$ cat my_file.txt   # compact mmCIF, C-alpha atoms and all ligand atoms
# COMPACT_ATOMS: atom_id res chain seq x y z
CA ARG A 203 0.00 0.00 0.00
CA SER A 204 1.25 3.49 -0.83
CA GLU A 205 -0.03 6.66 0.80
CA ASN A 206 1.41 10.20 1.00
CA GLY A 207 4.68 9.10 -0.59
CA THR A 208 5.37 6.34 1.94
CA HIS A 209 4.87 2.64 1.48
CA SER A 210 3.72 -0.04 3.83
CA ILE A 211 4.08 -3.73 3.08
CA LEU A 212 0.87 -5.59 3.92
CA SER A 213 2.31 -8.98 3.11
CA GLU A 214 5.22 -10.48 1.15
CA LYS A 215 5.96 -14.05 0.19
CA VAL A 216 9.05 -15.49 -1.45
CA HIS A 217 9.69 -19.08 -2.45
CA SER A 218 13.37 -19.96 -2.72
CA GLN A 219 14.28 -22.44 -5.47
CA ILE A 220 17.67 -23.23 -3.95
CA ASP A 221 16.67 -26.81 -3.04
CA THR A 222 15.47 -27.47 -6.61
CA HIS A 223 18.72 -26.39 -8.25
CA ARG A 224 21.29 -27.41 -5.61
CA ASP A 225 22.01 -30.86 -7.08
CA TYR A 226 22.73 -29.29 -10.47
CA GLY A 227 25.11 -26.63 -9.08
CA GLY A 228 23.20 -23.80 -10.78
CA VAL A 229 19.80 -22.68 -12.08
CA VAL A 230 18.20 -25.14 -14.55
CA PRO A 231 16.00 -22.86 -16.73
CA GLU A 232 13.27 -25.44 -17.46
CA LEU A 233 12.92 -26.42 -13.81
CA ALA A 234 12.88 -22.76 -12.75
CA ALA A 235 9.96 -21.98 -15.11
CA ARG A 236 7.95 -24.99 -13.92
CA GLU A 237 8.57 -24.17 -10.25
CA HIS A 238 7.32 -20.61 -10.87
CA LEU A 239 4.10 -21.90 -12.44
CA ARG A 240 3.51 -24.25 -9.53
CA ASN A 241 4.31 -21.76 -6.76
CA LEU A 242 2.83 -18.49 -8.05
CA PRO A 243 -0.84 -19.39 -7.30
CA LEU A 244 0.12 -20.70 -3.84
CA LEU A 245 2.21 -17.65 -2.93
CA THR A 246 -0.41 -15.24 -4.28
CA SER A 247 -3.21 -16.83 -2.21
CA ALA A 248 -1.01 -16.83 0.90
CA ALA A 249 -0.04 -13.15 0.39
CA MET A 250 -3.64 -12.04 -0.22
CA LYS A 251 -4.81 -13.94 2.85
CA GLU A 252 -2.10 -12.44 5.05
CA ALA A 253 -2.91 -8.93 3.77
CA GLY A 254 -6.60 -9.53 4.41
CA ALA A 255 -7.23 -8.26 0.86
CA SER A 256 -9.38 -9.37 -2.06
CA PHE A 257 -8.60 -8.75 -5.74
CA GLN A 258 -11.20 -5.93 -5.75
CA ASP A 259 -8.93 -4.04 -3.31
CA LEU A 260 -6.03 -3.96 -5.79
CA ASP A 261 -5.23 -1.02 -8.08
CA LEU A 262 -2.79 -2.78 -10.38
CA ILE A 263 -0.77 -5.94 -10.96
CA ALA A 264 2.95 -5.52 -11.71
CA VAL A 265 5.01 -8.30 -13.26
CA THR A 266 8.65 -8.72 -14.33
CA THR A 267 8.93 -8.94 -18.11
CA GLY A 268 12.76 -8.79 -18.28
CA PRO A 269 15.66 -9.09 -18.17
CA GLY A 270 15.93 -12.76 -17.23
CA LEU A 271 15.35 -16.32 -18.41
CA LYS A 272 12.62 -16.36 -21.02
CA GLY A 273 10.78 -19.40 -19.60
CA SER A 274 10.65 -17.94 -16.09
CA LEU A 275 9.53 -14.55 -17.42
CA LEU A 276 6.75 -16.20 -19.43
CA SER A 277 5.52 -18.21 -16.40
CA GLY A 278 5.12 -15.03 -14.36
CA MET A 279 3.62 -13.05 -17.25
CA LEU A 280 1.00 -15.71 -18.05
CA PHE A 281 -0.06 -15.97 -14.43
CA ALA A 282 -0.18 -12.18 -13.93
CA SER A 283 -2.08 -11.54 -17.15
CA GLY A 284 -4.68 -14.22 -16.20
CA LEU A 285 -5.19 -12.53 -12.83
CA ALA A 286 -5.37 -9.04 -14.33
CA THR A 287 -7.88 -10.08 -17.02
CA ALA A 288 -10.10 -12.00 -14.59
CA ASN A 289 -10.21 -9.05 -12.18
CA CYS A 290 -10.22 -6.17 -14.73
CA LEU A 291 -6.97 -4.73 -13.35
CA PRO A 292 -4.21 -2.83 -15.17
CA LEU A 293 -1.15 -4.98 -15.85
CA ILE A 294 2.19 -3.16 -15.56
CA PRO A 295 5.37 -4.66 -17.09
CA VAL A 296 8.39 -4.06 -14.84
CA ASN A 297 12.12 -4.19 -15.52
CA HIS A 298 13.76 -6.43 -12.91
CA ILE A 299 16.91 -4.25 -12.71
CA GLU A 300 14.94 -1.02 -12.36
CA ALA A 301 13.11 -2.75 -9.50
CA HIS A 302 16.45 -3.57 -7.81
CA VAL A 303 17.51 0.10 -8.23
CA LEU A 304 14.24 1.35 -6.68
CA SER A 305 14.22 -1.35 -3.95
CA VAL A 306 16.21 1.10 -1.79
CA LEU A 307 13.03 3.22 -1.59
CA LEU A 308 11.21 0.40 0.23
CA GLU A 309 13.05 1.26 3.43
CA ASN A 310 13.85 4.88 2.46
CA PRO A 311 10.78 6.20 0.61
CA LYS A 312 11.92 9.83 0.98
CA LEU A 313 15.48 9.30 -0.32
CA PRO A 314 16.06 12.41 -2.46
CA PHE A 315 17.18 12.27 -6.09
CA PRO A 316 19.76 12.24 -7.53
CA PHE A 317 21.63 9.26 -6.13
CA LEU A 318 24.17 6.78 -7.44
CA SER A 319 22.99 3.19 -7.70
CA LEU A 320 25.39 0.26 -7.64
CA VAL A 321 23.54 -2.80 -8.96
CA VAL A 322 25.29 -6.02 -7.97
CA SER A 323 23.20 -9.08 -8.77
CA GLY A 324 23.79 -12.54 -10.22
CA GLY A 325 23.46 -11.33 -13.81
CA HIS A 326 24.18 -7.60 -13.62
CA THR A 327 26.85 -5.22 -12.37
CA GLU A 328 26.33 -1.60 -13.21
CA LEU A 329 26.54 1.92 -11.87
CA GLN A 330 23.64 4.22 -12.67
CA HIS A 331 23.17 7.90 -11.85
CA VAL A 332 19.52 7.97 -10.79
CA LYS A 333 18.02 11.43 -11.36
CA GLY A 334 14.38 10.40 -10.88
CA ILE A 335 12.01 7.48 -11.44
CA GLY A 336 12.67 6.34 -15.01
CA ASN A 337 15.62 8.75 -15.44
CA TYR A 338 18.86 6.77 -15.35
CA THR A 339 22.32 7.58 -16.74
CA LEU A 340 24.55 4.54 -17.17
CA LEU A 341 28.09 5.19 -15.88
CA ALA A 342 29.58 1.67 -16.00
CA ARG A 343 28.54 -1.87 -16.80
CA THR A 344 30.31 -5.22 -16.79
CA THR A 345 31.68 -6.42 -20.09
CA ASP A 346 31.47 -10.09 -19.03
CA ASP A 347 30.73 -11.69 -15.65
CA ALA A 348 28.63 -9.88 -13.07
CA ALA A 349 29.82 -9.55 -9.45
CA GLY A 350 27.39 -12.26 -8.30
CA GLU A 351 28.58 -14.50 -11.11
CA ALA A 352 32.19 -13.87 -10.05
CA PHE A 353 31.29 -15.01 -6.52
CA ASP A 354 29.31 -18.03 -7.82
CA LYS A 355 31.89 -19.18 -10.40
CA SER A 356 34.78 -18.78 -7.95
CA ALA A 357 32.81 -20.79 -5.39
CA LYS A 358 32.25 -23.53 -7.98
CA LEU A 359 35.99 -23.67 -8.66
CA LEU A 360 36.50 -24.11 -4.92
CA ASP A 361 33.91 -26.95 -4.87
CA LEU A 362 31.61 -25.01 -2.54
CA PRO A 363 27.92 -25.88 -2.42
CA TYR A 364 25.32 -23.91 -4.43
CA PRO A 365 24.51 -21.05 -4.03
CA GLY A 366 28.17 -20.16 -4.08
CA GLY A 367 28.15 -16.43 -3.25
CA PRO A 368 26.98 -16.64 0.38
CA ALA A 369 29.06 -19.84 0.95
CA LEU A 370 32.23 -18.12 -0.28
CA ALA A 371 31.46 -14.98 1.77
CA LYS A 372 31.06 -17.11 4.91
CA LEU A 373 34.47 -18.73 4.42
CA ALA A 374 36.06 -15.37 3.58
CA ASP A 375 34.70 -13.74 6.74
CA ALA A 376 36.14 -16.55 8.88
CA PHE A 377 39.68 -15.49 7.89
CA SER A 378 41.34 -12.47 9.41
CA GLY A 379 44.80 -11.21 8.62
CA GLN A 380 46.87 -10.80 5.48
CA SER A 381 46.11 -13.45 2.86
CA ARG A 382 49.06 -15.01 0.99
CA PHE A 383 47.04 -15.28 -2.21
CA GLU A 384 47.48 -12.34 -4.56
CA LEU A 385 44.66 -11.98 -7.09
CA PRO A 386 44.37 -9.36 -9.86
CA ARG A 387 42.22 -6.24 -9.45
CA VAL A 388 40.53 -6.47 -12.83
CA MET A 389 39.61 -3.47 -15.04
CA LEU A 390 40.92 -0.76 -12.76
CA LYS A 391 42.77 0.92 -15.62
CA GLN A 392 39.88 0.77 -18.13
CA PRO A 393 36.32 1.99 -17.75
CA GLY A 394 33.55 -0.47 -16.83
CA PHE A 395 33.66 -3.74 -14.90
CA SER A 396 35.04 -7.15 -15.86
CA PHE A 397 35.46 -10.13 -13.57
CA SER A 398 36.37 -12.97 -15.91
CA GLY A 399 40.14 -12.39 -15.40
CA LEU A 400 39.66 -13.13 -11.72
CA LYS A 401 38.08 -16.49 -12.53
CA THR A 402 41.05 -17.43 -14.72
CA ALA A 403 43.50 -16.43 -11.96
CA ILE A 404 41.64 -18.62 -9.44
CA ALA A 405 41.54 -21.58 -11.82
CA LEU A 406 45.34 -21.27 -12.25
CA LEU A 407 45.87 -20.99 -8.52
CA ILE A 408 43.92 -24.19 -7.89
CA ARG A 409 45.71 -26.03 -10.69
CA ASN A 410 49.05 -25.15 -9.07
CA GLN A 411 47.91 -26.05 -5.57
CA GLU A 412 45.21 -28.72 -5.60
CA SER A 413 45.61 -29.44 -1.87
CA LEU A 414 43.94 -26.08 -1.34
CA LEU A 415 40.50 -27.65 -1.82
CA GLN A 416 41.02 -30.09 1.06
CA ASP A 417 42.32 -27.60 3.61
CA LEU A 418 39.71 -25.49 5.40
CA GLN A 419 42.19 -22.81 6.48
CA LEU A 420 43.57 -22.41 2.96
CA LEU A 421 40.02 -22.30 1.59
CA GLN A 422 39.16 -19.52 4.01
CA GLU A 423 42.30 -17.63 3.06
CA VAL A 424 41.75 -17.87 -0.69
CA SER A 425 38.04 -17.00 -0.28
CA HIS A 426 39.13 -13.91 1.65
CA SER A 427 41.34 -12.86 -1.29
CA ILE A 428 38.56 -13.47 -3.82
CA GLN A 429 36.03 -11.47 -1.83
CA ALA A 430 38.56 -8.67 -1.27
CA GLY A 431 39.35 -8.63 -5.02
CA ILE A 432 35.71 -8.27 -6.06
CA VAL A 433 34.87 -5.74 -3.36
CA GLU A 434 37.93 -3.54 -4.00
CA VAL A 435 37.07 -3.18 -7.68
CA LEU A 436 33.47 -2.21 -6.83
CA VAL A 437 34.61 0.33 -4.23
CA ARG A 438 37.20 1.94 -6.54
CA LYS A 439 34.59 2.34 -9.31
CA VAL A 440 32.09 3.85 -6.88
CA LYS A 441 34.74 6.39 -5.80
CA ARG A 442 35.28 7.33 -9.45
CA ALA A 443 31.52 7.67 -9.98
CA ILE A 444 31.32 10.01 -6.97
CA ARG A 445 34.16 12.15 -8.34
CA HIS A 446 32.67 12.18 -11.83
CA THR A 447 29.10 13.13 -10.84
CA GLY A 448 29.72 15.05 -7.61
CA CYS A 449 26.91 12.95 -6.14
CA ASN A 450 27.75 11.38 -2.78
CA THR A 451 24.53 9.51 -1.99
CA LEU A 452 24.90 5.85 -2.84
CA ALA A 453 22.26 3.13 -2.95
CA VAL A 454 23.42 -0.46 -3.35
CA CYS A 455 21.10 -3.21 -4.53
CA GLY A 456 20.90 -6.78 -5.86
CA GLY A 457 21.88 -10.05 -4.20
CA VAL A 458 25.56 -9.15 -3.63
CA SER A 459 24.51 -6.04 -1.65
CA ALA A 460 23.79 -8.50 1.19
CA ASN A 461 27.57 -9.05 1.42
CA GLU A 462 28.80 -7.65 4.74
CA HIS A 463 32.37 -6.97 3.59
CA LEU A 464 31.07 -4.93 0.63
CA ARG A 465 28.73 -2.97 2.93
CA LYS A 466 31.54 -2.18 5.34
CA ALA A 467 33.98 -1.13 2.59
CA LEU A 468 31.42 1.15 0.93
CA ARG A 469 30.48 2.74 4.26
CA GLU A 470 34.16 3.55 4.83
CA ILE A 471 34.34 5.78 1.73
CA PRO A 472 34.76 9.31 3.17
CA ASP A 473 31.74 11.64 3.03
CA VAL A 474 29.44 9.09 1.44
CA GLN A 475 25.90 8.36 2.56
CA CYS A 476 25.24 4.68 1.88
CA HIS A 477 21.81 3.13 1.72
CA PHE A 478 21.09 -0.58 1.49
CA PRO A 479 17.78 -2.38 1.18
CA ALA A 480 16.83 -4.76 4.01
CA HIS A 481 18.49 -8.16 3.46
CA ARG A 482 15.25 -9.74 2.24
CA HIS A 483 14.92 -6.96 -0.35
CA CYS A 484 18.50 -7.40 -1.65
CA MET A 485 17.56 -10.82 -3.09
CA ASP A 486 14.92 -11.17 -5.80
CA ASN A 487 11.50 -10.37 -4.36
CA GLY A 488 8.03 -9.43 -5.52
CA THR A 489 7.77 -6.37 -3.26
CA MET A 490 10.28 -4.35 -5.31
CA ILE A 491 8.34 -5.27 -8.48
CA ALA A 492 5.06 -4.02 -6.95
CA LEU A 493 6.74 -0.76 -5.84
CA THR A 494 8.27 -0.15 -9.28
CA GLY A 495 4.96 -0.83 -11.07
CA TYR A 496 3.26 1.59 -8.71
CA LEU A 497 5.92 4.34 -9.00
CA ARG A 498 5.99 4.17 -12.80
CA THR A 499 2.20 4.38 -12.89
CA VAL A 500 1.84 7.41 -10.58
CA ASN A 501 4.68 9.16 -12.41
CA ILE A 502 2.86 8.49 -15.72
CA LEU A 503 5.91 6.92 -17.37
CA PRO A 504 5.66 5.14 -20.72
CA GLN A 505 4.88 1.43 -20.57
CA ALA A 506 7.10 -1.16 -22.22
CA PRO A 507 5.40 -3.62 -24.60
CA PHE A 508 4.03 -6.67 -22.77
CA GLU A 509 6.57 -9.18 -24.03
CA ALA A 510 9.26 -11.32 -22.40
CA THR A 511 12.50 -9.33 -22.87
CA PRO A 512 15.60 -11.33 -21.83
CA ARG A 513 17.90 -8.31 -22.45
CA TRP A 514 16.57 -4.92 -21.42
CA PRO A 515 18.92 -2.11 -20.29
CA ILE A 516 17.26 0.50 -18.04
CA GLU A 517 19.27 3.60 -18.91
CA THR A 518 17.61 6.58 -20.52
CA HIS A 519 20.99 8.31 -20.96
CA SER A 520 24.52 7.00 -21.27
CA ASP A 521 27.82 8.28 -19.94
CA ILE A 522 29.47 4.91 -20.41
CA GLY A 523 33.23 5.02 -20.24
CA ALA A 524 33.13 7.71 -17.54
CA VAL A 525 34.19 5.41 -14.73
O1 LIG B 1 19.64 -10.19 -7.21
P1 LIG B 1 19.74 -11.66 -7.00
O2 LIG B 1 18.95 -12.26 -5.85
O3 LIG B 1 19.35 -12.45 -8.28
C1 LIG B 1 19.63 -11.97 -9.57
O4 LIG B 1 18.85 -11.15 -10.07
O5 LIG B 1 20.69 -12.37 -10.08
O6 LIG B 1 21.31 -11.99 -6.81
C2 LIG B 1 21.79 -13.29 -6.65
C3 LIG B 1 23.30 -13.22 -6.54
C4 LIG B 1 23.96 -14.60 -6.62
O7 LIG B 1 25.05 -14.52 -7.52
C5 LIG B 1 24.44 -14.84 -5.18
O8 LIG B 1 25.56 -15.68 -5.09
C6 LIG B 1 24.77 -13.43 -4.76
O9 LIG B 1 23.70 -12.66 -5.28
N1 LIG B 1 24.81 -13.27 -3.29
C7 LIG B 1 25.95 -13.00 -2.60
C8 LIG B 1 25.59 -12.94 -1.22
N2 LIG B 1 24.25 -13.20 -1.12
C9 LIG B 1 23.80 -13.40 -2.40
N3 LIG B 1 27.22 -12.78 -3.00
C10 LIG B 1 28.14 -12.50 -2.08
N4 LIG B 1 27.87 -12.43 -0.75
C11 LIG B 1 26.63 -12.65 -0.28
N5 LIG B 1 26.39 -12.57 1.03
ZN ZN B 2 17.72 -9.87 -9.17
$ encode --input "my_file.txt" --output "structure tokens" --more "lines below"
Ligand code: KG4
Ligand code: ZN
Amino acid sequence: RSENGTHSILSEKVHSQIDTHRDYGGVVPELAAREHLRNLPLLTSAAMKEAGASFQDLDLIAVTTGPGLKGSLLSGMLFASGLATANCLPLIPVNHIEAHVLSVLLENPKLPFPFLSLVVSGGHTELQHVKGIGNYTLLARTTDDAAGEAFDKSAKLLDLPYPGGPALAKLADAFSGQSRFELPRVMLKQPGFSFSGLKTAIALLIRNQESLLQDLQLLQEVSHSIQAGIVEVLVRKVKRAIRHTGCNTLAVCGGVSANEHLRKALREIPDVQCHFPAHRHCMDNGTMIALTGYLRTVNILPQAPFEATPRWPIETHSDIGAV
């Protein structure tokens, strides 16, 4: 519910698919789409019941139409369009990444524009200068792996269980001191992000020292280096974005924004005001989609076509190469 520019969450439900995909070591697209179809009606009923609401109480239905896996997008879109048609409700297509960017407003509805947004999810790493709802200038984007992917792929190389990011972070945080493992700080000289060089360096390290995988202390030490490598690159790029734009309000979003080491390092940047969504809103969630659908509607922004869009950049302006 949204009133007088503030939002209250009446109910939110999330179903994690981690158990479904664990045995495969990653997301299996076909299984993901089927799980969505099975769970969406159950979660929707549970959320409506908890909110004490009926479909007549709703003003709109918002649904992710991209970017993402086409099968999963279609599952959600079919379900949402059935609900909207049956209840004569407007159906608002929402960009998943825009929803991550705006997720910071769930806890901070009055956060003033402009602010810098660091998006660090499983599929995306980018820095946007957010001047208003639907007004985004792209400052940097990854040319290959995203930060979450860098965590997940490194974890896979270390034989850690899926999902790799949190598992690697846990090992990394258990080590304190100076790690012996030197890993490259990728793309600091060029604009944008790139994390694939890090993956290659880790693969080489393991090839030269296979015993590493059997030794908990060494695993903690190398995880510490990997986490430090990813975080340092993100922090250095944020500093450049602050210098370039003169904007020192930073919002961080997406799954990797749950990472405690990243949070601490960003908070230590001098004169920066950092904002993070609540942990449950860092991961994928329906609440940020509802908020984005609502904000785009009240701000009378143009609607995207209602079609599954696996690739869909959010920027309205580009200053790519700046940081
Ligand atoms: O935003 P998200 O929930 O899904 C996507 O849209 O991709 O992000 C998931 C990503 C995964 O790569 C996961 O490993 C990573 O976020 N992640 C973490 C942590 N928690 C989740 N990475 C590092 N440290 C964490 N604590
Ligand atoms: Zn996401």
$ axis_aligned_box --input "my_file.txt" --around "ligand LIG 1 (chain B)" --padding-each-side "8 Å" --output "lines of an AutoDock Vina configuration file"
center_x = 23.5
center_y = -12.9
center_z = -4.5
size_x = 25.3
size_y = 21.5
size_z = 27.1
$ closest_residue --input "my_file.txt" --among "A:Lys333, A:Arg465, A:Lys251, A:Arg438" --to "ligand LIG 1 (chain B)" --atoms "all atoms listed in the file"
A:Arg465
$ residues_near_point --input "my_file.txt" --point "(45.0, -12.4, 11.6)" --cutoff "12 Å" --atoms "all atoms listed in the file" --output "list in words"
Asp375, Ala376, Phe377, Ser378, Gly379, Gln380, Ser381, Arg382, Gln419, Gln422, Glu423 and His426 of chain A
$ closest_residue --input "my_file.txt" --among "A:Ser247, A:Ser425, A:Ser277, A:Thr208" --to "A:Leu313" --atoms "all atoms listed in the file"
A:Thr208
$ residues_around --input "my_file.txt" --residues "A:Ser356" --least-positions-apart "2" --cutoff "9 Å" --atoms "only C-alpha atoms" --output "list in words"
Glu351, Ala352, Phe353, Asp354, Lys358, Leu359, Leu360, Asp361, Leu362, Gly366, Gly367, Leu370, Leu400, Lys401, Ile404, Ala405, Ser425 and Ile428 of chain A
$ write_last_selection --input "my_file.txt" --atoms "C-alpha atoms" --output "compact mmCIF listing (two decimals), in the frame of the given file"
# COMPACT_ATOMS: atom_id res chain seq x y z
CA GLU A 351 28.58 -14.50 -11.11
CA ALA A 352 32.19 -13.87 -10.05
CA PHE A 353 31.29 -15.01 -6.52
CA ASP A 354 29.31 -18.03 -7.82
CA LYS A 358 32.25 -23.53 -7.98
CA LEU A 359 35.99 -23.67 -8.66
CA LEU A 360 36.50 -24.11 -4.92
CA ASP A 361 33.91 -26.95 -4.87
CA LEU A 362 31.61 -25.01 -2.54
CA GLY A 366 28.17 -20.16 -4.08
CA GLY A 367 28.15 -16.43 -3.25
CA LEU A 370 32.23 -18.12 -0.28
CA LEU A 400 39.66 -13.13 -11.72
CA LYS A 401 38.08 -16.49 -12.53
CA ILE A 404 41.64 -18.62 -9.44
CA ALA A 405 41.54 -21.58 -11.82
CA SER A 425 38.04 -17.00 -0.28
CA ILE A 428 38.56 -13.47 -3.82
$ residues_near_ligand --input "my_file.txt" --ligand "ligand LIG 1 (chain B)" --cutoff "6 Å" --atoms "only C-alpha atoms and all ligand atoms" --output "list of chain:residue names"
A:Ser323, A:Gly324, A:Gly325, A:Gly350, A:Glu351, A:Phe353, A:Asp354, A:Pro365, A:Gly366, A:Gly367, A:Pro368, A:Ala371, A:Gly456, A:Gly457, A:Val458, A:Ala460, A:Asn461, A:Met485, A:Asp486
$ residues_around --input "my_file.txt" --residues "stretch 293-295 of chain A" --least-positions-apart "3" --cutoff "9 Å" --atoms "all atoms listed in the file" --output "list of chain:residue names"
A:Leu262, A:Ile263, A:Ala264, A:Val265, A:Thr266, A:Thr267, A:Gly268, A:Met279, A:Ala282, A:Ser283, A:Ala286, A:Thr287, A:Gly495, A:Tyr496, A:Arg498, A:Thr499, A:Gln505, A:Ala506, A:Pro507, A:Phe508, A:Glu509
$ write_last_selection --input "my_file.txt" --atoms "C-alpha atoms" --output "PDB file, keeping the file's coordinate frame"
ATOM      1  CA  LEU A 262      -2.790  -2.780 -10.380  1.00  0.00           C
ATOM      2  CA  ILE A 263      -0.770  -5.940 -10.960  1.00  0.00           C
ATOM      3  CA  ALA A 264       2.950  -5.520 -11.710  1.00  0.00           C
ATOM      4  CA  VAL A 265       5.010  -8.300 -13.260  1.00  0.00           C
ATOM      5  CA  THR A 266       8.650  -8.720 -14.330  1.00  0.00           C
ATOM      6  CA  THR A 267       8.930  -8.940 -18.110  1.00  0.00           C
ATOM      7  CA  GLY A 268      12.760  -8.790 -18.280  1.00  0.00           C
ATOM      8  CA  MET A 279       3.620 -13.050 -17.250  1.00  0.00           C
ATOM      9  CA  ALA A 282      -0.180 -12.180 -13.930  1.00  0.00           C
ATOM     10  CA  SER A 283      -2.080 -11.540 -17.150  1.00  0.00           C
ATOM     11  CA  ALA A 286      -5.370  -9.040 -14.330  1.00  0.00           C
ATOM     12  CA  THR A 287      -7.880 -10.080 -17.020  1.00  0.00           C
ATOM     13  CA  GLY A 495       4.960  -0.830 -11.070  1.00  0.00           C
ATOM     14  CA  TYR A 496       3.260   1.590  -8.710  1.00  0.00           C
ATOM     15  CA  ARG A 498       5.990   4.170 -12.800  1.00  0.00           C
ATOM     16  CA  THR A 499       2.200   4.380 -12.890  1.00  0.00           C
ATOM     17  CA  GLN A 505       4.880   1.430 -20.570  1.00  0.00           C
ATOM     18  CA  ALA A 506       7.100  -1.160 -22.220  1.00  0.00           C
ATOM     19  CA  PRO A 507       5.400  -3.620 -24.600  1.00  0.00           C
ATOM     20  CA  PHE A 508       4.030  -6.670 -22.770  1.00  0.00           C
ATOM     21  CA  GLU A 509       6.570  -9.180 -24.030  1.00  0.00           C
TER      22      GLU A 509
END
$ closest_residue --input "my_file.txt" --among "A:Phe383, A:Gly228, A:Ser213, A:Pro512" --to "A:Gln411" --atoms "all atoms listed in the file"
A:Phe383
$ build_atoms --input "my_file.txt" --residues "stretch 215-230 of chain A" --atoms "N, CA, C and O atoms" --output "mmCIF file, keeping the file's coordinate frame"
data_model
loop_
_atom_site.group_PDB
_atom_site.id
_atom_site.type_symbol
_atom_site.label_atom_id
_atom_site.label_comp_id
_atom_site.auth_asym_id
_atom_site.auth_seq_id
_atom_site.Cartn_x
_atom_site.Cartn_y
_atom_site.Cartn_z
ATOM 1 N N LYS A 215 5.635 -12.624 0.185
ATOM 2 C CA LYS A 215 5.960 -14.050 0.190
ATOM 3 C C LYS A 215 7.030 -14.317 -0.870
ATOM 4 O O LYS A 215 6.932 -13.805 -1.993
ATOM 5 N N VAL A 216 8.002 -15.106 -0.497
ATOM 6 C CA VAL A 216 9.050 -15.490 -1.450
ATOM 7 C C VAL A 216 9.236 -16.994 -1.351
ATOM 8 O O VAL A 216 9.231 -17.550 -0.242
ATOM 9 N N HIS A 217 9.352 -17.661 -2.493
ATOM 10 C CA HIS A 217 9.690 -19.080 -2.450
ATOM 11 C C HIS A 217 11.099 -19.244 -3.016
ATOM 12 O O HIS A 217 11.351 -18.882 -4.168
ATOM 13 N N SER A 218 12.012 -19.771 -2.218
ATOM 14 C CA SER A 218 13.370 -19.960 -2.720
ATOM 15 C C SER A 218 13.446 -21.272 -3.498
ATOM 16 O O SER A 218 12.902 -22.289 -3.084
ATOM 17 N N GLN A 219 14.119 -21.225 -4.657
ATOM 18 C CA GLN A 219 14.280 -22.440 -5.470
ATOM 19 C C GLN A 219 15.636 -23.111 -5.239
ATOM 20 O O GLN A 219 16.025 -23.987 -6.009
ATOM 21 N N ILE A 220 16.311 -22.696 -4.187
ATOM 22 C CA ILE A 220 17.670 -23.230 -3.950
ATOM 23 C C ILE A 220 17.665 -24.753 -3.890
ATOM 24 O O ILE A 220 18.494 -25.416 -4.514
ATOM 25 N N ASP A 221 16.695 -25.335 -3.185
ATOM 26 C CA ASP A 221 16.670 -26.810 -3.040
ATOM 27 C C ASP A 221 16.486 -27.504 -4.398
ATOM 28 O O ASP A 221 17.026 -28.579 -4.621
ATOM 29 N N THR A 222 15.720 -26.874 -5.296
ATOM 30 C CA THR A 222 15.470 -27.470 -6.610
ATOM 31 C C THR A 222 16.748 -27.546 -7.445
ATOM 32 O O THR A 222 16.974 -28.502 -8.183
ATOM 33 N N HIS A 223 17.562 -26.494 -7.339
ATOM 34 C CA HIS A 223 18.720 -26.390 -8.250
ATOM 35 C C HIS A 223 20.037 -26.858 -7.626
ATOM 36 O O HIS A 223 21.027 -26.989 -8.346
ATOM 37 N N ARG A 224 20.028 -27.107 -6.313
ATOM 38 C CA ARG A 224 21.290 -27.410 -5.610
ATOM 39 C C ARG A 224 22.044 -28.560 -6.251
ATOM 40 O O ARG A 224 23.247 -28.456 -6.529
ATOM 41 N N ASP A 225 21.332 -29.666 -6.541
ATOM 42 C CA ASP A 225 22.010 -30.860 -7.080
ATOM 43 C C ASP A 225 22.666 -30.598 -8.429
ATOM 44 O O ASP A 225 23.553 -31.335 -8.847
ATOM 45 N N TYR A 226 22.187 -29.575 -9.134
ATOM 46 C CA TYR A 226 22.730 -29.290 -10.470
ATOM 47 C C TYR A 226 23.833 -28.233 -10.409
ATOM 48 O O TYR A 226 24.442 -27.906 -11.421
ATOM 49 N N GLY A 227 24.037 -27.629 -9.247
ATOM 50 C CA GLY A 227 25.110 -26.630 -9.080
ATOM 51 C C GLY A 227 24.805 -25.299 -9.739
ATOM 52 O O GLY A 227 25.680 -24.467 -9.907
ATOM 53 N N GLY A 228 23.572 -25.072 -10.153
ATOM 54 C CA GLY A 228 23.200 -23.800 -10.780
ATOM 55 C C GLY A 228 21.740 -23.861 -11.217
ATOM 56 O O GLY A 228 21.111 -24.923 -11.126
ATOM 57 N N VAL A 229 21.221 -22.738 -11.698
ATOM 58 C CA VAL A 229 19.800 -22.680 -12.080
ATOM 59 C C VAL A 229 19.567 -23.473 -13.377
ATOM 60 O O VAL A 229 20.244 -23.248 -14.378
ATOM 61 N N VAL A 230 18.603 -24.399 -13.338
ATOM 62 C CA VAL A 230 18.200 -25.140 -14.550
ATOM 63 C C VAL A 230 16.969 -24.419 -15.100
ATOM 64 O O VAL A 230 15.901 -24.442 -14.465
#
